[in-house]
$ cat model08.cif   # mmCIF, C-alpha atoms and all ligand atoms
data_target
loop_
_atom_site.group_PDB
_atom_site.id
_atom_site.type_symbol
_atom_site.label_atom_id
_atom_site.label_comp_id
_atom_site.auth_asym_id
_atom_site.auth_seq_id
_atom_site.Cartn_x
_atom_site.Cartn_y
_atom_site.Cartn_z
ATOM 1 C CA MET A 297 -15.346 -7.094 -21.859
ATOM 2 C CA SER A 298 -18.530 -5.342 -22.966
ATOM 3 C CA ALA A 299 -18.523 -1.626 -23.711
ATOM 4 C CA ALA A 300 -20.505 -0.747 -20.599
ATOM 5 C CA GLN A 301 -18.648 -2.130 -17.608
ATOM 6 C CA SER A 302 -19.146 -2.436 -13.863
ATOM 7 C CA TRP A 303 -16.502 -0.612 -11.838
ATOM 8 C CA MET A 304 -15.661 -0.477 -8.131
ATOM 9 C CA ILE A 305 -13.431 2.425 -7.048
ATOM 10 C CA THR A 306 -12.106 3.113 -3.529
ATOM 11 C CA GLY A 307 -11.280 6.507 -2.031
ATOM 12 C CA ALA A 308 -13.747 8.271 -4.302
ATOM 13 C CA HIS A 309 -14.580 11.295 -2.156
ATOM 14 C CA ARG A 310 -11.706 13.389 -3.522
ATOM 15 C CA GLY A 311 -8.864 13.581 -5.996
ATOM 16 C CA LEU A 312 -8.147 10.803 -8.466
ATOM 17 C CA GLY A 313 -10.834 8.434 -7.113
ATOM 18 C CA ARG A 314 -13.542 11.043 -7.571
ATOM 19 C CA ALA A 315 -12.254 11.945 -11.047
ATOM 20 C CA LEU A 316 -12.169 8.275 -12.031
ATOM 21 C CA THR A 317 -15.723 7.764 -10.796
ATOM 22 C CA LEU A 318 -17.025 10.694 -12.836
ATOM 23 C CA ALA A 319 -15.027 9.636 -15.907
ATOM 24 C CA ALA A 320 -16.306 6.058 -15.695
ATOM 25 C CA LEU A 321 -19.910 7.281 -15.423
ATOM 26 C CA GLU A 322 -19.309 9.645 -18.342
ATOM 27 C CA ALA A 323 -18.044 6.682 -20.374
ATOM 28 C CA GLY A 324 -21.307 4.837 -19.730
ATOM 29 C CA HIS A 325 -20.096 2.473 -17.015
ATOM 30 C CA SER A 326 -21.846 1.635 -13.736
ATOM 31 C CA VAL A 327 -19.871 2.376 -10.587
ATOM 32 C CA VAL A 328 -19.835 1.399 -6.946
ATOM 33 C CA ALA A 329 -17.668 4.126 -5.427
ATOM 34 C CA THR A 330 -16.500 3.875 -1.838
ATOM 35 C CA THR A 331 -15.759 6.735 0.510
ATOM 36 C CA ARG A 332 -14.848 6.503 4.159
ATOM 37 C CA GLY A 333 -17.072 9.310 5.368
ATOM 38 C CA GLU A 334 -17.929 12.482 3.547
ATOM 39 C CA ARG A 335 -19.568 12.147 0.138
ATOM 40 C CA SER A 336 -19.052 14.745 -2.549
ATOM 41 C CA LEU A 337 -20.231 12.674 -5.492
ATOM 42 C CA PRO A 338 -23.373 13.776 -7.312
ATOM 43 C CA GLU A 339 -26.450 11.561 -7.537
ATOM 44 C CA HIS A 340 -26.359 9.375 -10.642
ATOM 45 C CA GLU A 341 -28.578 6.487 -11.718
ATOM 46 C CA ARG A 342 -25.516 4.321 -12.444
ATOM 47 C CA LEU A 343 -23.677 5.222 -9.219
ATOM 48 C CA LEU A 344 -23.912 3.602 -5.800
ATOM 49 C CA VAL A 345 -21.828 5.196 -3.046
ATOM 50 C CA HIS A 346 -20.815 2.779 -0.296
ATOM 51 C CA THR A 347 -19.003 3.583 2.945
ATOM 52 C CA LEU A 348 -15.657 1.815 3.355
ATOM 53 C CA ASP A 349 -12.464 2.397 5.290
ATOM 54 C CA VAL A 350 -10.114 0.054 3.425
ATOM 55 C CA ARG A 351 -8.184 -0.665 6.645
ATOM 56 C CA ASP A 352 -11.114 -2.855 7.724
ATOM 57 C CA ARG A 353 -10.628 -6.309 6.167
ATOM 58 C CA GLU A 354 -14.116 -7.633 6.904
ATOM 59 C CA ALA A 355 -15.745 -4.446 5.647
ATOM 60 C CA SER A 356 -13.610 -4.584 2.484
ATOM 61 C CA HIS A 357 -14.824 -8.126 1.756
ATOM 62 C CA ARG A 358 -18.432 -7.098 2.431
ATOM 63 C CA ALA A 359 -18.080 -4.046 0.168
ATOM 64 C CA VAL A 360 -16.926 -6.220 -2.734
ATOM 65 C CA GLN A 361 -19.866 -8.598 -2.183
ATOM 66 C CA THR A 362 -22.277 -5.649 -2.052
ATOM 67 C CA ALA A 363 -20.793 -4.207 -5.250
ATOM 68 C CA ALA A 364 -21.020 -7.555 -7.046
ATOM 69 C CA GLU A 365 -24.645 -8.020 -5.969
ATOM 70 C CA HIS A 366 -25.564 -4.471 -6.941
ATOM 71 C CA LEU A 367 -23.744 -4.464 -10.294
ATOM 72 C CA GLY A 368 -24.262 -8.114 -11.207
ATOM 73 C CA ARG A 369 -20.512 -8.430 -11.866
ATOM 74 C CA ILE A 370 -17.303 -6.454 -11.267
ATOM 75 C CA ASP A 371 -15.298 -5.836 -14.424
ATOM 76 C CA VAL A 372 -12.843 -3.373 -12.902
ATOM 77 C CA LEU A 373 -11.676 -2.868 -9.316
ATOM 78 C CA VAL A 374 -9.611 0.271 -8.731
ATOM 79 C CA ASN A 375 -7.606 0.273 -5.498
ATOM 80 C CA ASN A 376 -7.154 4.024 -5.275
ATOM 81 C CA ALA A 377 -7.536 4.973 -1.588
ATOM 82 C CA GLY A 378 -4.213 6.020 -0.114
ATOM 83 C CA TYR A 379 -2.184 8.767 1.506
ATOM 84 C CA GLY A 380 1.340 9.720 2.518
ATOM 85 C CA ILE A 381 3.245 10.496 5.704
ATOM 86 C CA ILE A 382 6.187 12.881 5.914
ATOM 87 C CA GLY A 383 8.754 11.846 8.499
ATOM 88 C CA ALA A 384 12.050 10.059 8.962
ATOM 89 C CA ILE A 385 11.880 6.333 9.627
ATOM 90 C CA GLU A 386 13.122 6.975 13.181
ATOM 91 C CA GLU A 387 10.263 9.414 13.732
ATOM 92 C CA ALA A 388 7.393 7.120 12.706
ATOM 93 C CA SER A 389 5.012 6.106 15.494
ATOM 94 C CA GLU A 390 3.597 2.599 15.640
ATOM 95 C CA ALA A 391 0.025 3.850 15.196
ATOM 96 C CA ASP A 392 0.904 5.962 12.132
ATOM 97 C CA THR A 393 2.907 3.122 10.612
ATOM 98 C CA ARG A 394 0.165 0.539 11.068
ATOM 99 C CA SER A 395 -2.490 2.868 9.701
ATOM 100 C CA LEU A 396 -0.456 3.628 6.570
ATOM 101 C CA VAL A 397 0.371 -0.031 5.929
ATOM 102 C CA ASP A 398 -3.269 -0.970 6.541
ATOM 103 C CA THR A 399 -4.453 1.649 4.045
ATOM 104 C CA ASN A 400 -1.912 1.564 1.208
ATOM 105 C CA LEU A 401 -0.798 -2.075 1.294
ATOM 106 C CA LEU A 402 -3.272 -4.279 3.135
ATOM 107 C CA GLY A 403 -6.420 -2.504 1.903
ATOM 108 C CA PRO A 404 -5.631 -3.280 -1.756
ATOM 109 C CA LEU A 405 -4.623 -6.800 -0.704
ATOM 110 C CA TRP A 406 -7.959 -7.518 1.029
ATOM 111 C CA LEU A 407 -9.957 -6.028 -1.849
ATOM 112 C CA SER A 408 -7.949 -7.949 -4.447
ATOM 113 C CA GLN A 409 -8.471 -11.191 -2.515
ATOM 114 C CA ALA A 410 -12.205 -10.518 -2.327
ATOM 115 C CA VAL A 411 -12.636 -9.714 -6.023
ATOM 116 C CA ILE A 412 -10.498 -12.480 -7.577
ATOM 117 C CA PRO A 413 -13.045 -15.310 -7.057
ATOM 118 C CA ILE A 414 -15.799 -13.114 -8.482
ATOM 119 C CA MET A 415 -13.737 -12.225 -11.563
ATOM 120 C CA ARG A 416 -12.606 -15.842 -11.987
ATOM 121 C CA GLU A 417 -16.225 -17.024 -11.848
ATOM 122 C CA GLN A 418 -17.327 -14.451 -14.441
ATOM 123 C CA GLY A 419 -14.369 -15.294 -16.706
ATOM 124 C CA GLY A 420 -12.219 -12.193 -16.382
ATOM 125 C CA GLY A 421 -11.751 -8.668 -15.116
ATOM 126 C CA GLU A 422 -9.171 -6.070 -14.265
ATOM 127 C CA ILE A 423 -7.578 -5.040 -10.976
ATOM 128 C CA VAL A 424 -6.105 -1.544 -11.153
ATOM 129 C CA GLN A 425 -3.630 -0.660 -8.409
ATOM 130 C CA ILE A 426 -2.925 3.043 -7.992
ATOM 131 C CA SER A 427 0.758 3.038 -7.165
ATOM 132 C CA THR A 428 3.281 5.844 -7.737
ATOM 133 C CA VAL A 429 6.690 6.531 -9.264
ATOM 134 C CA GLY A 430 7.700 6.481 -5.578
ATOM 135 C CA ALA A 431 7.273 2.701 -5.769
ATOM 136 C CA VAL A 432 10.375 2.507 -7.951
ATOM 137 C CA GLY A 433 12.627 4.943 -6.105
ATOM 138 C CA THR A 434 12.490 6.447 -2.648
ATOM 139 C CA MET A 435 12.787 9.857 -1.050
ATOM 140 C CA PRO A 436 14.155 10.639 2.406
ATOM 141 C CA LEU A 437 11.306 11.536 4.807
ATOM 142 C CA LEU A 438 8.835 9.670 2.587
ATOM 143 C CA GLY A 439 10.197 6.189 3.278
ATOM 144 C CA LEU A 440 7.093 4.719 4.911
ATOM 145 C CA TYR A 441 4.942 5.758 1.968
ATOM 146 C CA ASN A 442 7.561 4.321 -0.394
ATOM 147 C CA ALA A 443 7.565 1.073 1.591
ATOM 148 C CA THR A 444 3.791 0.643 1.355
ATOM 149 C CA LYS A 445 3.738 1.281 -2.390
ATOM 150 C CA TRP A 446 6.783 -0.953 -3.034
ATOM 151 C CA GLY A 447 4.849 -3.641 -1.141
ATOM 152 C CA LEU A 448 1.755 -2.986 -3.237
ATOM 153 C CA GLU A 449 3.795 -3.443 -6.412
ATOM 154 C CA GLY A 450 5.517 -6.548 -5.063
ATOM 155 C CA PHE A 451 2.356 -8.518 -4.413
ATOM 156 C CA SER A 452 0.636 -7.089 -7.478
ATOM 157 C CA GLU A 453 3.361 -8.250 -9.855
ATOM 158 C CA ALA A 454 3.189 -11.780 -8.425
ATOM 159 C CA MET A 455 -0.618 -11.682 -8.422
ATOM 160 C CA ALA A 456 -0.660 -10.610 -12.079
ATOM 161 C CA ALA A 457 1.019 -13.877 -13.041
ATOM 162 C CA GLU A 458 -1.245 -15.885 -10.717
ATOM 163 C CA VAL A 459 -4.533 -14.533 -12.087
ATOM 164 C CA ARG A 460 -3.621 -14.197 -15.776
ATOM 165 C CA PRO A 461 -4.858 -17.761 -16.487
ATOM 166 C CA PHE A 462 -8.283 -16.707 -15.147
ATOM 167 C CA GLY A 463 -8.473 -13.871 -17.683
ATOM 168 C CA ILE A 464 -7.824 -11.249 -15.000
ATOM 169 C CA ARG A 465 -5.410 -8.449 -15.888
ATOM 170 C CA VAL A 466 -3.567 -6.433 -13.263
ATOM 171 C CA SER A 467 -2.577 -2.836 -13.996
ATOM 172 C CA VAL A 468 -0.084 -1.043 -11.793
ATOM 173 C CA ILE A 469 -0.525 2.685 -12.380
ATOM 174 C CA GLU A 470 2.500 4.839 -11.553
ATOM 175 C CA PRO A 471 1.536 8.512 -11.544
ATOM 176 C CA GLY A 472 4.056 11.287 -11.093
ATOM 177 C CA ALA A 473 2.738 14.413 -9.369
ATOM 178 C CA LEU A 474 -1.053 14.794 -9.454
ATOM 179 C CA ASN A 475 -2.826 17.999 -8.597
ATOM 180 C CA THR A 476 -4.915 16.624 -5.727
ATOM 181 C CA ASP A 477 -5.020 16.989 -1.936
ATOM 182 C CA TRP A 478 -2.380 14.254 -1.560
ATOM 183 C CA ALA A 479 0.496 16.632 -0.699
ATOM 184 C CA GLY A 480 -1.851 19.122 0.972
ATOM 185 C CA SER A 481 -4.653 18.457 3.416
ATOM 186 C CA SER A 482 -4.365 14.658 3.059
ATOM 187 C CA MET A 483 -0.686 14.522 4.077
ATOM 188 C CA ARG A 484 0.121 13.222 7.560
ATOM 189 C CA PHE A 485 3.265 14.161 9.504
ATOM 190 C CA SER A 486 5.263 12.309 12.118
ATOM 191 C CA ALA A 487 6.224 14.183 15.276
ATOM 192 C CA PRO A 488 9.485 15.850 14.222
ATOM 193 C CA ALA A 489 12.832 15.144 15.901
ATOM 194 C CA SER A 490 15.335 17.997 15.699
ATOM 195 C CA ALA A 491 18.018 15.647 14.318
ATOM 196 C CA TYR A 492 16.156 15.789 10.969
ATOM 197 C CA ASP A 493 15.553 19.548 10.859
ATOM 198 C CA GLU A 494 18.480 20.107 8.498
ATOM 199 C CA LEU A 495 17.168 17.447 6.108
ATOM 200 C CA ARG A 496 13.659 18.906 6.279
ATOM 201 C CA THR A 497 15.076 22.316 5.388
ATOM 202 C CA GLN A 498 17.120 20.872 2.507
ATOM 203 C CA LEU A 499 14.130 19.049 1.064
ATOM 204 C CA PHE A 500 11.219 21.296 1.855
ATOM 205 C CA GLY A 501 12.785 24.682 2.653
ATOM 206 C CA THR A 502 11.349 24.683 6.164
ATOM 207 C CA THR A 503 11.524 22.716 9.400
ATOM 208 C CA GLU A 504 7.859 23.456 9.965
ATOM 209 C CA VAL A 505 5.503 20.486 9.979
ATOM 210 C CA PRO A 506 2.679 20.087 9.191
ATOM 211 C CA TRP A 507 3.328 22.162 6.119
ATOM 212 C CA PRO A 508 1.441 25.412 5.900
ATOM 213 C CA GLN A 509 -1.558 24.833 3.610
ATOM 214 C CA GLY A 510 -0.790 26.903 0.533
ATOM 215 C CA GLU A 511 -1.387 26.711 -3.134
ATOM 216 C CA PRO A 512 -2.272 23.356 -4.765
ATOM 217 C CA SER A 513 0.831 21.253 -5.374
ATOM 218 C CA GLY A 514 0.766 21.307 -9.186
ATOM 219 C CA GLY A 515 1.113 18.255 -11.371
ATOM 220 C CA MET A 516 -1.314 16.569 -13.716
ATOM 221 C CA ALA A 517 -5.006 17.309 -13.247
ATOM 222 C CA ALA A 518 -6.891 14.374 -11.732
ATOM 223 C CA ASP A 519 -9.354 14.449 -14.652
ATOM 224 C CA ASP A 520 -6.515 13.991 -17.146
ATOM 225 C CA ALA A 521 -4.998 11.129 -15.134
ATOM 226 C CA ALA A 522 -8.436 9.507 -14.904
ATOM 227 C CA GLY A 523 -8.806 9.725 -18.681
ATOM 228 C CA LEU A 524 -5.476 7.955 -19.175
ATOM 229 C CA ILE A 525 -6.443 5.190 -16.753
ATOM 230 C CA LEU A 526 -9.771 4.652 -18.504
ATOM 231 C CA ALA A 527 -7.930 4.467 -21.833
ATOM 232 C CA ARG A 528 -5.537 1.894 -20.389
ATOM 233 C CA VAL A 529 -8.413 -0.294 -19.169
ATOM 234 C CA ALA A 530 -10.020 -0.058 -22.597
ATOM 235 C CA ALA A 531 -6.756 -1.074 -24.324
ATOM 236 C CA GLN A 532 -6.977 -4.797 -23.701
ATOM 237 C CA ASP A 533 -4.028 -5.553 -26.025
ATOM 238 C CA ASP A 534 -1.692 -3.365 -23.895
ATOM 239 C CA GLN A 535 0.853 -5.833 -22.491
ATOM 240 C CA ARG A 536 2.348 -3.528 -19.848
ATOM 241 C CA LEU A 537 2.013 -4.273 -16.145
ATOM 242 C CA ARG A 538 3.239 -0.832 -15.063
ATOM 243 C CA VAL A 539 1.689 2.228 -16.671
ATOM 244 C CA LEU A 540 3.358 5.626 -16.275
ATOM 245 C CA VAL A 541 0.988 8.577 -15.876
ATOM 246 C CA GLY A 542 2.191 12.184 -16.127
ATOM 247 C CA ASP A 543 4.952 13.928 -18.049
ATOM 248 C CA ASP A 544 7.319 13.769 -15.057
ATOM 249 C CA ALA A 545 6.854 10.031 -14.466
ATOM 250 C CA PRO A 546 9.261 8.489 -17.040
ATOM 251 C CA ALA A 547 12.258 10.591 -15.944
ATOM 252 C CA GLN A 548 11.607 9.844 -12.271
ATOM 253 C CA VAL A 549 11.476 6.117 -12.909
ATOM 254 C CA ARG A 550 14.554 6.254 -15.145
ATOM 255 C CA ALA A 551 16.526 8.099 -12.430
ATOM 256 C CA ALA A 552 15.468 5.595 -9.767
ATOM 257 C CA LEU A 553 16.346 2.576 -11.934
ATOM 258 C CA ASP A 554 19.719 4.118 -12.888
ATOM 259 C CA LEU A 555 20.556 4.540 -9.202
ATOM 260 C CA ARG A 556 19.749 0.879 -8.519
ATOM 261 C CA LEU A 557 21.798 -0.312 -11.480
ATOM 262 C CA GLU A 558 24.744 1.840 -10.377
ATOM 263 C CA ASP A 559 24.512 0.291 -6.932
ATOM 264 C CA TYR A 560 24.387 -3.307 -8.241
ATOM 265 C CA ALA A 561 27.247 -2.507 -10.631
ATOM 266 C CA ARG A 562 29.532 -2.015 -7.607
ATOM 267 C CA ASP A 563 29.387 -5.808 -7.355
ATOM 268 C CA PRO A 564 31.968 -6.976 -9.910
ATOM 269 C CA ARG A 565 29.854 -10.052 -10.696
ATOM 270 C CA PHE A 566 26.957 -7.875 -11.817
ATOM 271 C CA SER A 567 26.776 -6.687 -15.357
ATOM 272 C CA PRO A 568 23.983 -4.308 -16.324
ATOM 273 C CA GLU A 569 24.279 -5.561 -19.922
HETATM 274 N N1 LIG B 601 -1.330 13.130 -5.767
HETATM 275 C C1 LIG B 601 -0.193 12.615 -6.160
HETATM 276 O O1 LIG B 601 0.794 13.336 -6.469
HETATM 277 C C2 LIG B 601 -0.074 11.108 -6.298
HETATM 278 C C3 LIG B 601 1.003 10.603 -7.024
HETATM 279 C C4 LIG B 601 1.129 9.222 -7.155
HETATM 280 C C5 LIG B 601 0.197 8.388 -6.591
HETATM 281 N N2 LIG B 601 -0.855 8.902 -5.861
HETATM 282 C C6 LIG B 601 -1.802 7.965 -5.281
HETATM 283 O O2 LIG B 601 -3.079 8.227 -5.838
HETATM 284 C C7 LIG B 601 -4.099 7.746 -4.958
HETATM 285 C C8 LIG B 601 -5.185 8.804 -4.820
HETATM 286 O O3 LIG B 601 -4.648 9.907 -4.138
HETATM 287 P P1 LIG B 601 -5.039 11.422 -4.533
HETATM 288 O O4 LIG B 601 -3.861 12.016 -5.178
HETATM 289 O O5 LIG B 601 -6.359 11.450 -5.217
HETATM 290 O O6 LIG B 601 -5.145 12.068 -3.071
HETATM 291 P P2 LIG B 601 -6.398 12.658 -2.249
HETATM 292 O O7 LIG B 601 -7.008 13.789 -3.004
HETATM 293 O O8 LIG B 601 -5.863 12.919 -0.886
HETATM 294 O O9 LIG B 601 -7.449 11.460 -2.215
HETATM 295 C C9 LIG B 601 -7.179 10.291 -1.509
HETATM 296 C C10 LIG B 601 -8.490 9.593 -1.176
HETATM 297 O O10 LIG B 601 -8.171 8.385 -0.458
HETATM 298 C C11 LIG B 601 -9.088 8.282 0.626
HETATM 299 N N3 LIG B 601 -8.561 7.474 1.740
HETATM 300 C C12 LIG B 601 -7.452 7.685 2.468
HETATM 301 N N4 LIG B 601 -7.338 6.742 3.422
HETATM 302 C C13 LIG B 601 -8.411 5.916 3.285
HETATM 303 C C14 LIG B 601 -8.879 4.770 3.970
HETATM 304 N N5 LIG B 601 -8.219 4.252 5.018
HETATM 305 N N6 LIG B 601 -10.018 4.176 3.538
HETATM 306 C C15 LIG B 601 -10.703 4.683 2.494
HETATM 307 N N7 LIG B 601 -10.337 5.783 1.812
HETATM 308 C C16 LIG B 601 -9.201 6.387 2.215
HETATM 309 C C17 LIG B 601 -9.340 9.711 1.059
HETATM 310 O O11 LIG B 601 -10.533 9.749 1.807
HETATM 311 P P3 LIG B 601 -11.049 11.114 2.524
HETATM 312 O O12 LIG B 601 -11.512 12.001 1.411
HETATM 313 O O13 LIG B 601 -12.151 10.653 3.423
HETATM 314 O O14 LIG B 601 -9.863 11.679 3.257
HETATM 315 C C18 LIG B 601 -9.394 10.440 -0.268
HETATM 316 O O15 LIG B 601 -10.698 10.467 -0.783
HETATM 317 C C19 LIG B 601 -3.392 7.389 -3.652
HETATM 318 O O16 LIG B 601 -3.211 5.987 -3.572
HETATM 319 C C20 LIG B 601 -2.045 8.096 -3.779
HETATM 320 O O17 LIG B 601 -1.039 7.472 -3.012
HETATM 321 C C21 LIG B 601 -1.001 10.249 -5.730
#

$ encode --input "model08.cif" --output "structure tokens"
Amino acid sequence: MSAAQSWMITGAHRGLGRALTLAALEAGHSVVATTRGERSLPEHERLLVHTLDVRDREASHRAVQTAAEHLGRIDVLVNNAGYGIIGAIEEASEADTRSLVDTNLLGPLWLSQAVIPIMREQGGGEIVQISTVGAVGTMPLLGLYNATKWGLEGFSEAMAAEVRPFGIRVSVIEPGALNTDWAGSSMRFSAPASAYDELRTQLFGTTEVPWPQGEPSGGMAADDAAGLILARVAAQDDQRLRVLVGDDAPAQVRAALDLRLEDYARDPRFSPE
């Protein structure tokens, strides 16, 4: 790929998507950034802001076509838009479930489908999926979010092998905690059932949902995470599919994998060796 690339980034109004957009511009790239409504991005000669709710399949396909026409090519697609829901599986409404699956799983699927022929035609590219360490393990009351990101990783791992012959690389980014609005104003909450109040108290110290909006959640600054993702895209000899981002990420993944291995090891035919 040339030094100056053409990027498309979803969910760019806030958090990691915004930080990635600014970092890509800073690095000399051209960007089509999508937001679903409000726009906080500054004017820039190499930036086009396009409206997209990634739940809309047709609009996602059109947005990729628009980006390709505007940029001339798409070197990097970043599927970043996403959010979480706090609630037990029993508590999840159909509408909330469909919206989360449409956003975190199907949105990246539609956008990946739309960009693959363009990247194949131009002889290569990179699809960056913003996943999470929560796509390796799970947490009670975050199961729907886990499910969408496990699904994202499932199709992305298969897709990586499918598109490698076309010169397209897939990167699955697994951040630990990021200091964004994800756990704050972006978080959605299922209607609580009292049967899970004790669990809510154990995990969060309160039965109250939505959470009171307090201090930012902590974790890695979005700018720092964006820098690591840009460095990963630039490192074309990096053979990893999954890329851990954040100091807390390796231990979280290790703990989740250990739990799975322990579970399989209860089957006497299974040897972790
Ligand atoms: N923060 C963390 O600790 C953390 C850890 C691991 C992974 N992640 C992942 O990182 C990604 C970015 O999240 P963030 O931390 O930057 O959170 P954020 O600050 O809440 O930003 C999320 C962005 O996604 C957009 N979005 C949500 N639903 C959308 C939809 N249907 N269509 C288009 N855009 C949509 C939001 O748009 P609006 O601004 O219009 O609401 C927002 O701009 C997400 O995929 C998240 O799951 C976050």

$ closest_residue --input "model08.cif" --among "A:Asn442, A:Asn475, A:Ser408, A:Asn400" --to "Ala521 of chain A" --atoms "only C-alpha atoms"
A:Asn475

$ closest_residue --input "model08.cif" --among "A:Asp554, A:Glu322, A:Asp543, A:Asp392" --to "Gly523 of chain A" --atoms "only C-alpha atoms"
A:Glu322

$ residues_around --input "model08.cif" --residues "Val466 of chain A" --least-positions-apart "3" --cutoff "10 Å" --atoms "all atoms listed in the file" --output "list of chain:residue names"
A:Val372, A:Leu373, A:Ser408, A:Gly421, A:Glu422, A:Ile423, A:Val424, A:Gln425, A:Ser452, A:Glu453, A:Ala454, A:Met455, A:Ala456, A:Ala457, A:Val459, A:Arg460, A:Gly463, A:Ile469, A:Val529, A:Arg536, A:Leu537, A:Arg538

$ axis_aligned_box --input "model08.cif" --around "ligand LIG 601 (chain B)" --padding-each-side "4 Å" --output "lines of an AutoDock Vina configuration file"
center_x = -5.5
center_y = 9.0
center_z = -1.1
size_x = 21.3
size_y = 17.6
size_z = 20.2

$ residues_around --input "model08.cif" --residues "Ala319 of chain A" --least-positions-apart "4" --cutoff "7 Å" --atoms "all atoms listed in the file" --output "list of chain:residue names"
A:Ala315, A:Ala323, A:Ala522, A:Gly523

$ residues_around --input "model08.cif" --residues "Gly480 of chain A" --least-positions-apart "3" --cutoff "7 Å" --atoms "only C-alpha atoms" --output "ChimeraX atom specification"
/A:477,483,509

$ resolve_selection --input "model08.cif" --expression "the PyMOL selection byres (((not hetatm)) within 7 of (chain B and resi 601))" --output "ChimeraX atom specification"
/A:306-313,331-334,348-351,376-380,399-400,426-429,470-479,482,515

$ atom_distance --input "model08.cif" --atom1 "atom CA of Gly447 of chain A" --atom2 "atom CA of Arg353 of chain A"
17.3 Å

$ resolve_selection --input "model08.cif" --expression "the PyMOL selection byres (((chain A and resi 496) around 12) and not hetatm)" --output "list in words"
Ile382, Gly383, Ala384, Met435, Pro436, Leu437, Leu438, Phe485, Pro488, Ala489, Ser490, Ala491, Tyr492, Asp493, Glu494, Leu495, Thr497, Gln498, Leu499, Phe500, Gly501, Thr502, Thr503, Glu504, Val505, Pro506 and Trp507 of chain A

$ resolve_selection --input "model08.cif" --expression "the PyMOL selection byres (((chain A and resi 410) around 8) and not hetatm)" --output "list of chain:residue names"
A:Ser356, A:His357, A:Val360, A:Gln361, A:Trp406, A:Leu407, A:Ser408, A:Gln409, A:Val411, A:Ile412, A:Pro413, A:Ile414

$ atom_distance --input "model08.cif" --atom1 "atom CA of Ala359 of chain A" --atom2 "atom CA of Arg528 of chain A"
24.8 Å

$ closest_residue --input "model08.cif" --among "A:Leu316, A:Ala329, A:Leu396, A:Met304" --to "Arg369 of chain A" --atoms "all atoms listed in the file"
A:Met304

$ atom_distance --input "model08.cif" --atom1 "atom CA of Asp519 of chain A" --atom2 "atom CA of Leu343 of chain A"
17.9 Å

$ closest_residue --input "model08.cif" --among "A:Leu367, A:Leu526, A:Glu354, A:Leu440" --to "Glu387 of chain A" --atoms "all atoms listed in the file"
A:Leu440

$ decode --input "model08.cif" --residues "segment 353-365 of chain A" --atoms "N, CA and C atoms" --output "compact mmCIF listing (two decimals), in the first residue's frame"
# COMPACT_ATOMS: atom_id res chain seq x y z
N ARG A 353 -28.71 -2.00 5.94
CA ARG A 353 -27.86 -2.73 4.99
C ARG A 353 -27.68 -1.97 3.67
N GLU A 354 -28.81 -1.49 3.12
CA GLU A 354 -28.72 -0.78 1.84
C GLU A 354 -27.87 0.48 1.98
N ALA A 355 -28.09 1.20 3.07
CA ALA A 355 -27.33 2.44 3.29
C ALA A 355 -25.85 2.12 3.49
N SER A 356 -25.55 0.99 4.12
CA SER A 356 -24.14 0.61 4.32
C SER A 356 -23.47 0.35 2.98
N HIS A 357 -24.18 -0.37 2.08
CA HIS A 357 -23.62 -0.62 0.75
C HIS A 357 -23.42 0.70 0.00
N ARG A 358 -24.42 1.59 0.09
CA ARG A 358 -24.31 2.88 -0.62
C ARG A 358 -23.16 3.69 -0.07
N ALA A 359 -22.96 3.64 1.26
CA ALA A 359 -21.88 4.43 1.88
C ALA A 359 -20.51 3.96 1.39
N VAL A 360 -20.36 2.66 1.23
CA VAL A 360 -19.08 2.13 0.72
C VAL A 360 -18.87 2.59 -0.72
N GLN A 361 -19.93 2.54 -1.53
CA GLN A 361 -19.81 3.00 -2.92
C GLN A 361 -19.44 4.49 -2.97
N THR A 362 -20.10 5.27 -2.13
CA THR A 362 -19.82 6.72 -2.07
C THR A 362 -18.37 6.95 -1.68
N ALA A 363 -17.91 6.20 -0.66
CA ALA A 363 -16.53 6.37 -0.20
C ALA A 363 -15.55 6.00 -1.30
N ALA A 364 -15.83 4.91 -2.00
CA ALA A 364 -14.92 4.47 -3.07
C ALA A 364 -14.87 5.49 -4.19
N GLU A 365 -16.05 6.05 -4.53
CA GLU A 365 -16.08 7.06 -5.60
C GLU A 365 -15.34 8.32 -5.16
